[in-house]
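start.csv (CSV, C-alpha atoms and all ligand atoms) appears below.
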chain,number,residue,atom,x,y,z
A,1,MET,CA,-6.2,-9.8,-24.4
A,2,ASN,CA,-8.9,-10.9,-22.0
A,3,ALA,CA,-9.8,-14.2,-23.6
A,4,GLY,CA,-13.4,-13.5,-23.0
A,5,ILE,CA,-12.9,-13.2,-19.3
A,6,CYS,CA,-14.7,-10.3,-17.7
A,7,TYR,CA,-13.6,-10.5,-14.1
A,8,SER,CA,-10.4,-11.8,-12.5
A,9,ILE,CA,-10.5,-12.2,-8.7
A,10,VAL,CA,-7.1,-12.3,-7.2
A,11,ILE,CA,-6.9,-14.0,-3.8
A,12,PRO,CA,-3.5,-14.2,-2.0
A,13,VAL,CA,-3.4,-17.2,0.3
A,14,TYR,CA,-0.9,-18.1,3.0
A,15,ASN,CA,-1.7,-21.1,5.1
A,16,GLU,CA,-5.4,-20.6,4.8
A,17,GLU,CA,-6.6,-24.2,4.9
A,18,VAL,CA,-9.2,-23.6,7.5
A,19,VAL,CA,-11.0,-20.9,5.6
A,20,ILE,CA,-10.2,-21.6,1.9
A,21,TYR,CA,-13.3,-23.8,1.2
A,22,GLN,CA,-15.7,-21.2,2.5
A,23,THR,CA,-13.9,-18.4,0.7
A,24,TYR,CA,-14.0,-20.4,-2.6
A,25,ARG,CA,-17.7,-21.2,-2.1
A,26,ARG,CA,-18.8,-17.7,-1.3
A,27,LEU,CA,-16.7,-16.1,-4.1
A,28,LYS,CA,-18.2,-18.6,-6.6
A,29,GLN,CA,-21.7,-17.9,-5.4
A,30,VAL,CA,-21.3,-14.2,-5.8
A,31,MET,CA,-19.5,-14.3,-9.1
A,32,ASP,CA,-22.1,-16.7,-10.6
A,33,LEU,CA,-24.6,-14.0,-9.9
A,34,THR,CA,-22.9,-11.7,-12.4
A,35,GLY,CA,-23.7,-14.1,-15.2
A,36,GLU,CA,-20.4,-13.1,-16.9
A,37,PRO,CA,-17.2,-15.2,-17.3
A,38,TYR,CA,-14.7,-14.9,-14.5
A,39,GLU,CA,-11.6,-16.5,-13.1
A,40,LEU,CA,-10.5,-17.0,-9.5
A,41,ILE,CA,-6.8,-16.6,-9.3
A,42,PHE,CA,-5.4,-18.0,-6.0
A,43,VAL,CA,-1.8,-17.0,-5.4
A,44,ASN,CA,-0.3,-19.4,-2.9
A,45,ASP,CA,2.4,-17.4,-1.2
A,46,GLY,CA,4.5,-20.4,0.0
A,47,SER,CA,1.9,-22.0,2.2
A,48,CYS,CA,3.1,-25.1,4.1
A,49,ASP,CA,-0.3,-26.5,4.9
A,50,HIS,CA,-2.9,-28.1,2.6
A,51,THR,CA,-4.1,-24.9,1.0
A,52,ALA,CA,-2.6,-25.6,-2.4
A,53,ALA,CA,-3.8,-29.2,-2.5
A,54,MET,CA,-7.3,-28.1,-1.6
A,55,ILE,CA,-7.3,-25.4,-4.4
A,56,LYS,CA,-6.2,-28.0,-6.9
A,57,ASN,CA,-9.2,-30.1,-5.9
A,58,TYR,CA,-11.6,-27.3,-6.7
A,59,ARG,CA,-9.8,-26.8,-10.0
A,60,ASP,CA,-10.6,-30.4,-10.9
A,61,GLN,CA,-14.3,-29.5,-10.9
A,62,ASP,CA,-14.2,-25.9,-11.7
A,63,GLU,CA,-12.3,-24.4,-14.7
A,64,ALA,CA,-12.6,-20.9,-13.3
A,65,VAL,CA,-10.2,-21.8,-10.5
A,66,LYS,CA,-6.5,-21.0,-11.2
A,67,LEU,CA,-3.5,-21.3,-9.0
A,68,ILE,CA,-0.1,-19.7,-8.9
A,69,THR,CA,2.2,-21.0,-6.3
A,70,PHE,CA,5.3,-19.2,-5.1
A,71,SER,CA,8.5,-21.0,-4.4
A,72,ARG,CA,8.5,-19.5,-0.9
A,73,ASN,CA,6.7,-16.8,1.2
A,74,PHE,CA,7.3,-13.6,-0.7
A,75,GLY,CA,4.7,-11.6,1.1
A,76,HIS,CA,1.1,-10.4,0.6
A,77,GLN,CA,1.9,-7.3,-1.6
A,78,ILE,CA,4.0,-9.4,-4.0
A,79,ALA,CA,1.3,-12.1,-4.2
A,80,ILE,CA,-1.2,-9.5,-5.2
A,81,SER,CA,1.1,-8.1,-7.8
A,82,ALA,CA,1.7,-11.6,-9.3
A,83,GLY,CA,-2.1,-12.2,-9.4
A,84,MET,CA,-2.5,-8.9,-11.4
A,85,ASP,CA,0.3,-10.0,-13.8
A,86,TYR,CA,-1.6,-13.1,-14.6
A,87,ALA,CA,-5.1,-11.8,-14.6
A,88,LEU,CA,-6.9,-11.7,-17.9
A,89,GLY,CA,-10.2,-10.0,-16.9
A,90,ALA,CA,-11.4,-6.6,-18.0
A,91,ALA,CA,-11.7,-5.8,-14.3
A,92,VAL,CA,-9.5,-7.2,-11.6
A,93,VAL,CA,-10.6,-7.6,-8.0
A,94,VAL,CA,-8.2,-8.2,-5.1
A,95,ILE,CA,-9.6,-9.8,-2.0
A,96,ASP,CA,-8.2,-11.4,1.2
A,97,ALA,CA,-8.8,-15.1,1.7
A,98,ASP,CA,-10.1,-14.9,5.2
A,99,LEU,CA,-13.5,-13.5,4.4
A,100,GLN,CA,-12.8,-10.3,6.4
A,101,ASP,CA,-13.7,-8.6,3.2
A,102,PRO,CA,-17.3,-9.7,2.2
A,103,PRO,CA,-17.3,-11.1,-1.3
A,104,GLU,CA,-20.9,-9.7,-1.8
A,105,LEU,CA,-19.4,-6.2,-2.0
A,106,ILE,CA,-17.8,-7.1,-5.3
A,107,LEU,CA,-21.2,-6.7,-6.9
A,108,ASP,CA,-21.4,-3.1,-5.7
A,109,MET,CA,-17.8,-2.6,-7.0
A,110,ILE,CA,-18.8,-4.0,-10.4
A,111,ALA,CA,-21.8,-1.6,-10.5
A,112,LYS,CA,-19.5,1.4,-9.9
A,113,TRP,CA,-17.1,0.1,-12.5
A,114,LYS,CA,-19.9,-0.1,-15.0
A,115,GLU,CA,-20.8,3.5,-14.2
A,116,GLY,CA,-17.3,4.3,-15.5
A,117,PHE,CA,-15.0,4.3,-12.5
A,118,ASP,CA,-11.5,2.7,-13.0
A,119,VAL,CA,-10.7,2.0,-9.4
A,120,VAL,CA,-13.3,1.1,-6.8
A,121,TYR,CA,-11.8,0.7,-3.3
A,122,ALA,CA,-13.5,-0.6,-0.2
A,123,LYS,CA,-13.4,1.7,2.7
A,124,ARG,CA,-13.8,0.3,6.2
A,125,THR,CA,-16.2,2.1,8.4
A,126,LYS,CA,-15.7,-0.5,11.2
A,127,ARG,CA,-13.2,-3.2,11.9
A,128,LYS,CA,-14.6,-6.1,13.9
A,129,GLY,CA,-12.8,-8.7,15.8
A,130,GLU,CA,-9.3,-7.1,15.7
A,131,THR,CA,-7.3,-6.2,18.6
A,132,PHE,CA,-7.3,-2.7,20.0
A,133,PHE,CA,-3.6,-2.5,19.3
A,134,LYS,CA,-4.1,-3.4,15.6
A,135,LYS,CA,-6.9,-0.9,15.1
A,136,LEU,CA,-5.0,1.9,16.9
A,137,THR,CA,-1.8,1.4,15.0
A,138,ALA,CA,-3.6,1.0,11.7
A,139,ARG,CA,-5.5,4.3,12.3
A,140,LEU,CA,-2.4,6.1,13.3
A,141,PHE,CA,-0.4,4.8,10.4
A,142,TYR,CA,-3.0,5.9,7.8
A,143,ARG,CA,-3.1,9.4,9.4
A,144,ILE,CA,0.7,9.7,9.5
A,145,LEU,CA,1.0,8.5,5.9
A,146,SER,CA,-1.6,10.9,4.5
A,147,ALA,CA,-0.1,13.8,6.5
A,148,SER,CA,3.4,13.1,5.1
A,149,THR,CA,2.7,12.8,1.4
A,150,ASP,CA,1.1,15.0,-1.2
A,151,LEU,CA,-0.5,12.0,-2.8
A,152,ASP,CA,-4.1,11.4,-1.9
A,153,ILE,CA,-4.0,7.9,-0.4
A,154,PRO,CA,-7.4,7.1,1.0
A,155,THR,CA,-7.4,6.3,4.7
A,156,ASP,CA,-8.8,3.1,6.2
A,157,THR,CA,-8.7,1.1,3.0
A,158,GLY,CA,-6.9,-2.2,2.5
A,159,ASP,CA,-6.2,-4.0,-0.7
A,160,PHE,CA,-9.8,-5.0,-1.3
A,161,ARG,CA,-10.6,-3.2,-4.5
A,162,LEU,CA,-11.6,-3.4,-8.1
A,163,LEU,CA,-9.2,-2.2,-10.8
A,164,ASP,CA,-10.0,-1.6,-14.4
A,165,ARG,CA,-7.8,-3.4,-16.9
A,166,ARG,CA,-5.9,-0.2,-17.8
A,167,VAL,CA,-5.1,0.5,-14.2
A,168,CYS,CA,-3.8,-3.0,-13.9
A,169,GLU,CA,-1.6,-2.6,-17.0
A,170,GLU,CA,-0.1,0.6,-15.5
A,171,LEU,CA,0.6,-1.1,-12.2
A,172,LYS,CA,2.4,-3.9,-14.0
A,173,ARG,CA,4.8,-1.3,-15.4
A,174,LEU,CA,5.9,-0.1,-12.0
A,175,PRO,CA,9.1,-2.0,-11.3
A,176,GLU,CA,9.7,-1.3,-7.6
A,177,LYS,CA,10.5,-4.2,-5.4
A,178,ASN,CA,9.2,-3.0,-2.0
A,179,ARG,CA,5.6,-2.5,-3.1
A,180,TYR,CA,2.9,-0.8,-1.2
A,181,VAL,CA,0.1,-1.6,-3.7
A,182,ARG,CA,-2.6,0.6,-2.3
A,183,GLY,CA,-0.3,3.6,-2.5
A,184,LEU,CA,0.7,2.7,-6.1
A,185,VAL,CA,-3.0,2.4,-7.1
A,186,SER,CA,-3.5,6.0,-5.8
A,187,TRP,CA,-0.4,7.1,-7.6
A,188,VAL,CA,-1.6,5.7,-10.9
A,189,GLY,CA,-4.7,7.9,-10.8
A,190,PHE,CA,-7.7,7.6,-13.1
A,191,ARG,CA,-11.3,7.8,-11.8
A,192,GLN,CA,-11.4,6.4,-8.3
A,193,THR,CA,-14.3,6.0,-5.9
A,194,ALA,CA,-15.1,4.2,-2.7
A,195,VAL,CA,-17.8,1.8,-1.5
A,196,GLU,CA,-18.1,1.5,2.3
A,197,TYR,CA,-18.3,-1.6,4.4
A,198,GLU,CA,-17.9,-3.0,7.9
A,199,ARG,CA,-14.9,-5.3,8.1
A,200,ASP,CA,-15.8,-8.7,9.6
A,201,GLU,CA,-13.8,-10.8,11.8
A,202,ARG,CA,-11.4,-13.3,10.2
A,203,LEU,CA,-13.6,-16.4,9.6
A,204,ALA,CA,-11.0,-18.8,11.1
A,205,GLY,CA,-7.3,-19.2,11.6
A,206,GLU,CA,-4.9,-16.5,12.7
A,207,THR,CA,-3.7,-13.3,11.2
A,208,LYS,CA,-0.8,-13.8,8.8
A,209,TYR,CA,0.3,-10.2,9.5
A,210,PRO,CA,2.4,-10.3,12.7
A,211,LEU,CA,3.8,-7.1,14.0
A,212,LYS,CA,7.0,-7.5,12.0
A,213,LYS,CA,5.2,-7.7,8.7
A,214,MET,CA,3.0,-4.8,9.6
A,215,ILE,CA,6.0,-2.7,10.4
A,216,LYS,CA,7.6,-3.7,7.0
A,217,LEU,CA,4.4,-2.7,5.2
A,218,SER,CA,4.1,0.6,6.9
A,219,MET,CA,7.8,1.4,6.2
A,220,ASP,CA,7.2,0.5,2.6
A,221,GLY,CA,4.2,2.8,2.5
A,222,LEU,CA,6.0,5.7,4.1
A,223,THR,CA,9.3,5.5,2.3
A,224,SER,CA,7.7,4.9,-1.1
A,225,PHE,CA,5.5,8.0,-0.9
A,226,SER,CA,7.3,10.5,1.2
A,227,TYR,CA,10.7,11.6,2.2
A,228,LYS,CA,9.3,13.7,5.0
A,229,PRO,CA,11.0,11.4,7.6
A,230,ILE,CA,14.4,12.5,6.4
A,231,LYS,CA,13.4,16.1,6.1
A,232,MET,CA,12.7,16.0,9.9
A,233,ALA,CA,16.5,16.2,10.4
A,234,THR,CA,16.5,19.6,8.6
A,235,TYR,CA,13.6,20.9,10.6
A,236,ALA,CA,15.2,19.7,13.9
A,237,GLY,CA,18.5,21.2,12.8
A,238,PHE,CA,16.8,24.6,12.2
A,239,VAL,CA,15.1,24.5,15.6
A,240,ILE,CA,18.4,23.6,17.4
A,241,ILE,CA,20.5,26.2,15.6
A,242,THR,CA,17.9,28.9,16.4
A,243,SER,CA,17.8,28.0,20.0
A,244,GLY,CA,21.6,27.8,20.2
A,245,LEU,CA,21.9,31.3,18.6
A,246,SER,CA,19.3,32.8,20.8
A,247,TYR,CA,21.1,31.3,23.8
A,248,LEU,CA,24.3,33.0,22.6
A,249,VAL,CA,22.6,36.4,22.1
A,250,ALA,CA,21.0,36.1,25.5
A,251,LEU,CA,24.5,35.4,27.1
A,252,LEU,CA,25.9,38.4,25.2
A,253,LEU,CA,23.1,40.7,26.4
A,254,PHE,CA,23.5,39.5,29.9
A,255,LYS,CA,27.2,40.3,29.8
A,256,VAL,CA,26.7,43.8,28.3
A,257,PHE,CA,23.9,44.8,30.7
A,258,TYR,CA,24.9,43.2,33.9
A,259,LYS,CA,28.7,43.4,33.2
A,260,SER,CA,29.2,40.2,35.2
A,261,GLY,CA,31.0,37.1,34.2
A,262,ILE,CA,29.1,34.1,32.8
A,263,ALA,CA,29.9,30.5,33.7
A,264,GLY,CA,31.9,28.8,31.0
A,265,TRP,CA,29.6,25.9,30.5
A,266,ASN,CA,26.9,28.3,29.2
A,267,LEU,CA,29.1,29.2,26.3
A,268,VAL,CA,30.0,25.5,25.7
A,269,LEU,CA,26.3,24.5,25.7
A,270,ALA,CA,25.3,27.3,23.3
A,271,MET,CA,28.1,26.4,20.9
A,272,GLN,CA,27.2,22.7,21.2
A,273,LEU,CA,23.6,23.5,20.2
A,274,VAL,CA,24.7,25.5,17.2
A,275,LEU,CA,27.1,22.8,16.0
A,276,THR,CA,24.6,20.0,16.4
A,277,GLY,CA,22.1,22.1,14.6
A,278,ILE,CA,24.4,22.6,11.7
A,279,LEU,CA,25.2,18.9,11.6
A,280,LEU,CA,21.6,17.9,11.5
A,281,THR,CA,20.8,20.5,8.8
A,282,MET,CA,23.6,19.1,6.7
A,283,MET,CA,22.2,15.6,7.2
A,284,GLY,CA,18.8,16.7,6.1
A,285,ILE,CA,20.3,18.3,3.0
A,286,LEU,CA,22.1,15.0,2.3
A,287,GLY,CA,18.7,13.3,2.8
A,288,GLU,CA,17.2,15.6,0.2
A,289,TYR,CA,19.7,14.4,-2.3
A,290,ILE,CA,19.3,10.8,-1.3
A,291,GLY,CA,15.5,11.2,-1.7
A,292,ARG,CA,16.0,12.4,-5.2
A,293,ILE,CA,18.4,9.6,-6.1
A,294,TYR,CA,15.8,7.2,-4.7
A,295,ASP,CA,13.1,8.8,-6.9
A,296,GLU,CA,15.3,8.1,-9.9
A,297,ALA,CA,16.3,4.6,-8.8
A,298,ARG,CA,12.7,3.6,-8.4
A,299,ASP,CA,12.3,4.4,-12.1
A,300,ARG,CA,8.6,4.8,-12.1
A,301,PRO,CA,7.3,6.2,-15.4
A,302,LEU,CA,7.2,9.9,-15.3
A,303,TYR,CA,3.5,10.2,-16.2
A,304,ILE,CA,0.6,8.2,-17.4
A,305,VAL,CA,-1.4,9.2,-20.4
A,306,SER,CA,-5.1,8.4,-20.0
A,307,GLU,CA,-6.4,9.3,-23.4
A,308,CYS,CA,-5.0,10.8,-26.6
A,309,TYR,CA,-6.9,12.6,-29.3
A,310,GLY,CA,-5.5,13.0,-32.8
A,311,MET,CA,-2.2,11.2,-32.0
A,312,MET,CA,-1.0,7.8,-31.0
A,313,LYS,CA,-0.4,7.0,-27.3
A,314,LYS,CA,3.3,6.4,-26.7
A,315,GLU,CA,4.8,4.1,-24.1
A,316,ARG,CA,7.9,5.4,-22.3
A,317,ASN,CA,10.3,3.9,-19.9
A,318,VAL,CA,8.9,0.4,-20.1
A,319,LYS,CA,11.4,-1.8,-18.4
A,320,ARG,CA,9.7,-4.9,-17.2
A,321,VAL,CA,8.0,-6.9,-19.8
A,322,VAL,CA,5.4,-9.3,-18.4
A,401,LIG,N1,-1.0,-13.3,3.1
A,401,LIG,C1,-0.1,-13.7,2.1
A,401,LIG,N2,1.2,-13.7,2.4
A,401,LIG,C2,1.7,-13.3,3.7
A,401,LIG,C3,0.7,-12.8,4.6
A,401,LIG,C4,-0.6,-12.8,4.3
A,401,LIG,O1,-0.5,-14.0,1.0
A,401,LIG,O2,2.9,-13.3,3.9
A,401,LIG,C5,-2.5,-13.2,2.7
A,401,LIG,C6,-3.4,-14.0,3.7
A,401,LIG,O3,-3.5,-15.3,3.3
A,401,LIG,C7,-4.7,-13.2,3.5
A,401,LIG,C8,-4.2,-11.8,3.2
A,401,LIG,O4,-2.9,-11.9,2.7
A,401,LIG,O5,-5.4,-13.7,2.4
A,401,LIG,C9,-4.3,-10.9,4.4
A,401,LIG,O6,-3.7,-11.5,5.5
A,401,LIG,P1,-4.3,-11.5,7.0
A,401,LIG,O7,-5.8,-11.7,6.8
A,401,LIG,O8,-3.6,-12.5,7.8
A,401,LIG,O9,-4.0,-10.0,7.5
A,401,LIG,P2,-4.9,-9.1,8.4
A,401,LIG,O10,-6.3,-9.1,7.9
A,401,LIG,O11,-4.8,-9.7,9.8
A,401,LIG,O12,-4.3,-7.7,8.4
A,402,MG,MG,-7.4,-10.7,7.5
Structure translated into structure tokens:
Amino acid sequence: MNAGICYSIVIPVYNEEVVIYQTYRRLKQVMDLTGEPYELIFVNDGSCDHTAAMIKNYRDQDEAVKLITFSRNFGHQIAISAGMDYALGAAVVVIDADLQDPPELILDMIAKWKEGFDVVYAKRTKRKGETFFKKLTARLFYRILSASTDLDIPTDTGDFRLLDRRVCEELKRLPEKNRYVRGLVSWVGFRQTAVEYERDERLAGETKYPLKKMIKLSMDGLTSFSYKPIKMATYAGFVIITSGLSYLVALLLFKVFYKSGIAGWNLVLAMQLVLTGILLTMMGILGEYIGRIYDEARDRPLYIVSECYGMMKKERNVKRVV
């Protein structure tokens, strides 16, 4: 299967001509230190600058360099997934092209992998050179995501990580289109661990993750791993029904004890609250059903067997053949 290749490095690139040479050079330096065969898979996500031509140049002198070019910009998460589909190595490392993730850390990841871990993710202890807004929204997002799902998705980690071949094979079986790869990696399971690092500034060029792409990524993360957002309607419905009913009871008590009339709008308001509450609750219940349909439609395999003793491992639900 792995054609003698030990490590596959997957590098998504989108208009990275100003950094790509440095990235290539540093990755090569680090990977040569391992003394084992490796491949550098650049996934060109529809760049419209000279990124692809430059990579082809490196390829002329260096067989380890490989290039996949997309027909258009499909997005970072899809580029990573394509790289994994093509990777041949016994371990696959995903790293950004802008040297925000230090390639030297790959050696620590490999050491952990050799200890027997299947996933080694890089956890950021600091993020340098990013705007206050980006840091704040990222921090908030990771906290909200982990609060709204039962799955243990590590906070403050990007896609910089090492995956064992078997994890990579499992990821290839997940057919969903709106992919949030770091969540899927957690979902797959196996033995996972972290190495910590301080995230550097982008070496050059600008972020390829404008606000719009960040919002899309966070919505993919939230909706793929939680249907808490839709459950909020049920919770809100309950609160509103309870307050409407309490309001009605209070009005009734007032009428009984004080024997005086109550302004009509009080009654209208109380009824309004109860009715809105009922509507919201019903919406939430509909949401529960939609959530379940969504679970089915995503068609993830129901479970993943890690090892089998005394029987053959069976594949189930394999839809996408790569
Ligand atoms: N990238 C990509 N397709 C895109 C956007 C980004 O392949 O549509 C790549 C980009 O070239 C880089 C990585 O994904 O290697 C992360 O992007 P970036 O560094 O701009 O994101 P940030 O670090 O600012 O979140
Ligand atoms: Mg970056």
Figure out the distance between CA of Glu17 in chain A and CA of Thr51 in chain A, please, to one decimal in Å.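 Interatomic distance, CA of Thr51 in chain A to CA of Glu17 in chain A: 4.7 Å.
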For ligand LIG 401 (chain A), list the contacting residues at 10 Å or closer, counting only C-alpha atoms and all ligand atoms, as a short mmCIF file (atom, residue, chain, number, x, y, z; two decimals) with C-alpha atoms, in the frame of the given file.
data_model
loop_
_atom_site.label_atom_id
_atom_site.label_comp_id
_atom_site.auth_asym_id
_atom_site.auth_seq_id
_atom_site.Cartn_x
_atom_site.Cartn_y
_atom_site.Cartn_z
CA VAL A 10 -7.10 -12.30 -7.20
CA ILE A 11 -6.90 -14.00 -3.80
CA PRO A 12 -3.50 -14.20 -2.00
CA VAL A 13 -3.40 -17.20 0.30
CA TYR A 14 -0.90 -18.10 3.00
CA ASN A 15 -1.70 -21.10 5.10
CA GLU A 16 -5.40 -20.60 4.80
CA GLU A 17 -6.60 -24.20 4.90
CA VAL A 19 -11.00 -20.90 5.60
CA ILE A 20 -10.20 -21.60 1.90
CA THR A 23 -13.90 -18.40 0.70
CA PHE A 42 -5.40 -18.00 -6.00
CA VAL A 43 -1.80 -17.00 -5.40
CA ASN A 44 -0.30 -19.40 -2.90
CA ASP A 45 2.40 -17.40 -1.20
CA GLY A 46 4.50 -20.40 0.00
CA SER A 47 1.90 -22.00 2.20
CA THR A 51 -4.10 -24.90 1.00
CA PHE A 70 5.30 -19.20 -5.10
CA ARG A 72 8.50 -19.50 -0.90
CA ASN A 73 6.70 -16.80 1.20
CA PHE A 74 7.30 -13.60 -0.70
CA GLY A 75 4.70 -11.60 1.10
CA HIS A 76 1.10 -10.40 0.60
CA GLN A 77 1.90 -7.30 -1.60
CA ILE A 78 4.00 -9.40 -4.00
CA ALA A 79 1.30 -12.10 -4.20
CA ILE A 80 -1.20 -9.50 -5.20
CA VAL A 94 -8.20 -8.20 -5.10
CA ILE A 95 -9.60 -9.80 -2.00
CA ASP A 96 -8.20 -11.40 1.20
CA ALA A 97 -8.80 -15.10 1.70
CA ASP A 98 -10.10 -14.90 5.20
CA LEU A 99 -13.50 -13.50 4.40
CA GLN A 100 -12.80 -10.30 6.40
CA ASP A 101 -13.70 -8.60 3.20
CA ARG A 127 -13.20 -3.20 11.90
CA GLU A 130 -9.30 -7.10 15.70
CA THR A 131 -7.30 -6.20 18.60
CA LYS A 134 -4.10 -3.40 15.60
CA LYS A 135 -6.90 -0.90 15.10
CA ALA A 138 -3.60 1.00 11.70
CA GLY A 158 -6.90 -2.20 2.50
CA ASP A 159 -6.20 -4.00 -0.70
CA PHE A 160 -9.80 -5.00 -1.30
CA ARG A 199 -14.90 -5.30 8.10
CA ASP A 200 -15.80 -8.70 9.60
CA GLU A 201 -13.80 -10.80 11.80
CA ARG A 202 -11.40 -13.30 10.20
CA LEU A 203 -13.60 -16.40 9.60
CA ALA A 204 -11.00 -18.80 11.10
CA GLY A 205 -7.30 -19.20 11.60
CA GLU A 206 -4.90 -16.50 12.70
CA THR A 207 -3.70 -13.30 11.20
CA LYS A 208 -0.80 -13.80 8.80
CA TYR A 209 0.30 -10.20 9.50
CA PRO A 210 2.40 -10.30 12.70
CA LEU A 211 3.80 -7.10 14.00
CA LYS A 213 5.20 -7.70 8.70
CA MET A 214 3.00 -4.80 9.60
#
Write out as an mmCIF file with C-alpha atoms, in the coordinates of the input each polymer residue whose atoms come within 12 Å of Gly264 in chain A, counting only C-alpha atoms; drop sequence neighbours fewer than 6 positions from it.
data_model
loop_
_atom_site.group_PDB
_atom_site.id
_atom_site.type_symbol
_atom_site.label_atom_id
_atom_site.label_comp_id
_atom_site.auth_asym_id
_atom_site.auth_seq_id
_atom_site.Cartn_x
_atom_site.Cartn_y
_atom_site.Cartn_z
ATOM 1 C CA LEU A 251 24.500 35.400 27.100
ATOM 2 C CA ALA A 270 25.300 27.300 23.300
ATOM 3 C CA MET A 271 28.100 26.400 20.900
#
Atomic distance CA of Ala250 in chain A - CA of Leu279 in chain A, expressed in Å with one decimal: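 Computed distance, CA of Ala250 in chain A to CA of Leu279 in chain A, equals 22.5 Å.
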In Å and to one decimal, CA of Thr234 in chain A is distant from CA of Gln272 in chain A by 16.8 Å
When distances are computed from only C-alpha atoms and all ligand atoms, which of A:Lys128, A:Ser81, A:Asn266, A:Lys123 shows the smallest separation from ligand MG 402 (chain A)?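 The answer is A:Lys128, which sits nearest to ligand MG 402 (chain A).
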Which is closest to ligand MG 402 (chain A) among A:Gly287, A:Pro175, A:Gly129, A:Gly116, if we use only C-alpha atoms and all ligand atoms?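 For ligand MG 402 (chain A), the nearest of the given residues is A:Gly129.
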At a cut-off of 12 Å from (-23.7, -12.3, -9.5) in the coordinates of the file, what residues are picked up using all atoms listed in the file, written as a list of chain:residue names?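 Looking at atoms near the point gives A:Tyr7, A:Arg26, A:Leu27, A:Lys28, A:Gln29, A:Val30, A:Met31, A:Asp32, A:Leu33, A:Thr34, A:Gly35, A:Glu36, A:Pro37, A:Tyr38, A:Pro103, A:Glu104, A:Leu105, A:Ile106, A:Leu107, A:Asp108, A:Met109, A:Ile110, A:Ala111.
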Asp295 in chain A surroundings by all atoms listed in the file, 10 Å radius, close-in-sequence under 5 positions cut, as a PDB file with C-alpha atoms, in the coordinates of the input:
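In the end it all went to out_28.pdb:
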ATOM      1  CA  SER A 224       7.700   4.900  -1.100  1.00  0.00           C
ATOM      2  CA  PHE A 225       5.500   8.000  -0.900  1.00  0.00           C
ATOM      3  CA  TYR A 227      10.700  11.600   2.200  1.00  0.00           C
ATOM      4  CA  TYR A 289      19.700  14.400  -2.300  1.00  0.00           C
ATOM      5  CA  ILE A 290      19.300  10.800  -1.300  1.00  0.00           C
ATOM      6  CA  ARG A 300       8.600   4.800 -12.100  1.00  0.00           C
TER       7      ARG A 300
END
Of the residues A:Arg179, A:Arg292, A:Lys231, A:His50, which is the one nearest to Lys216 in chain A, using all atoms listed in the file?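 Residue with the minimum atom-to-atom distance to Lys216 in chain A: A:Arg179.
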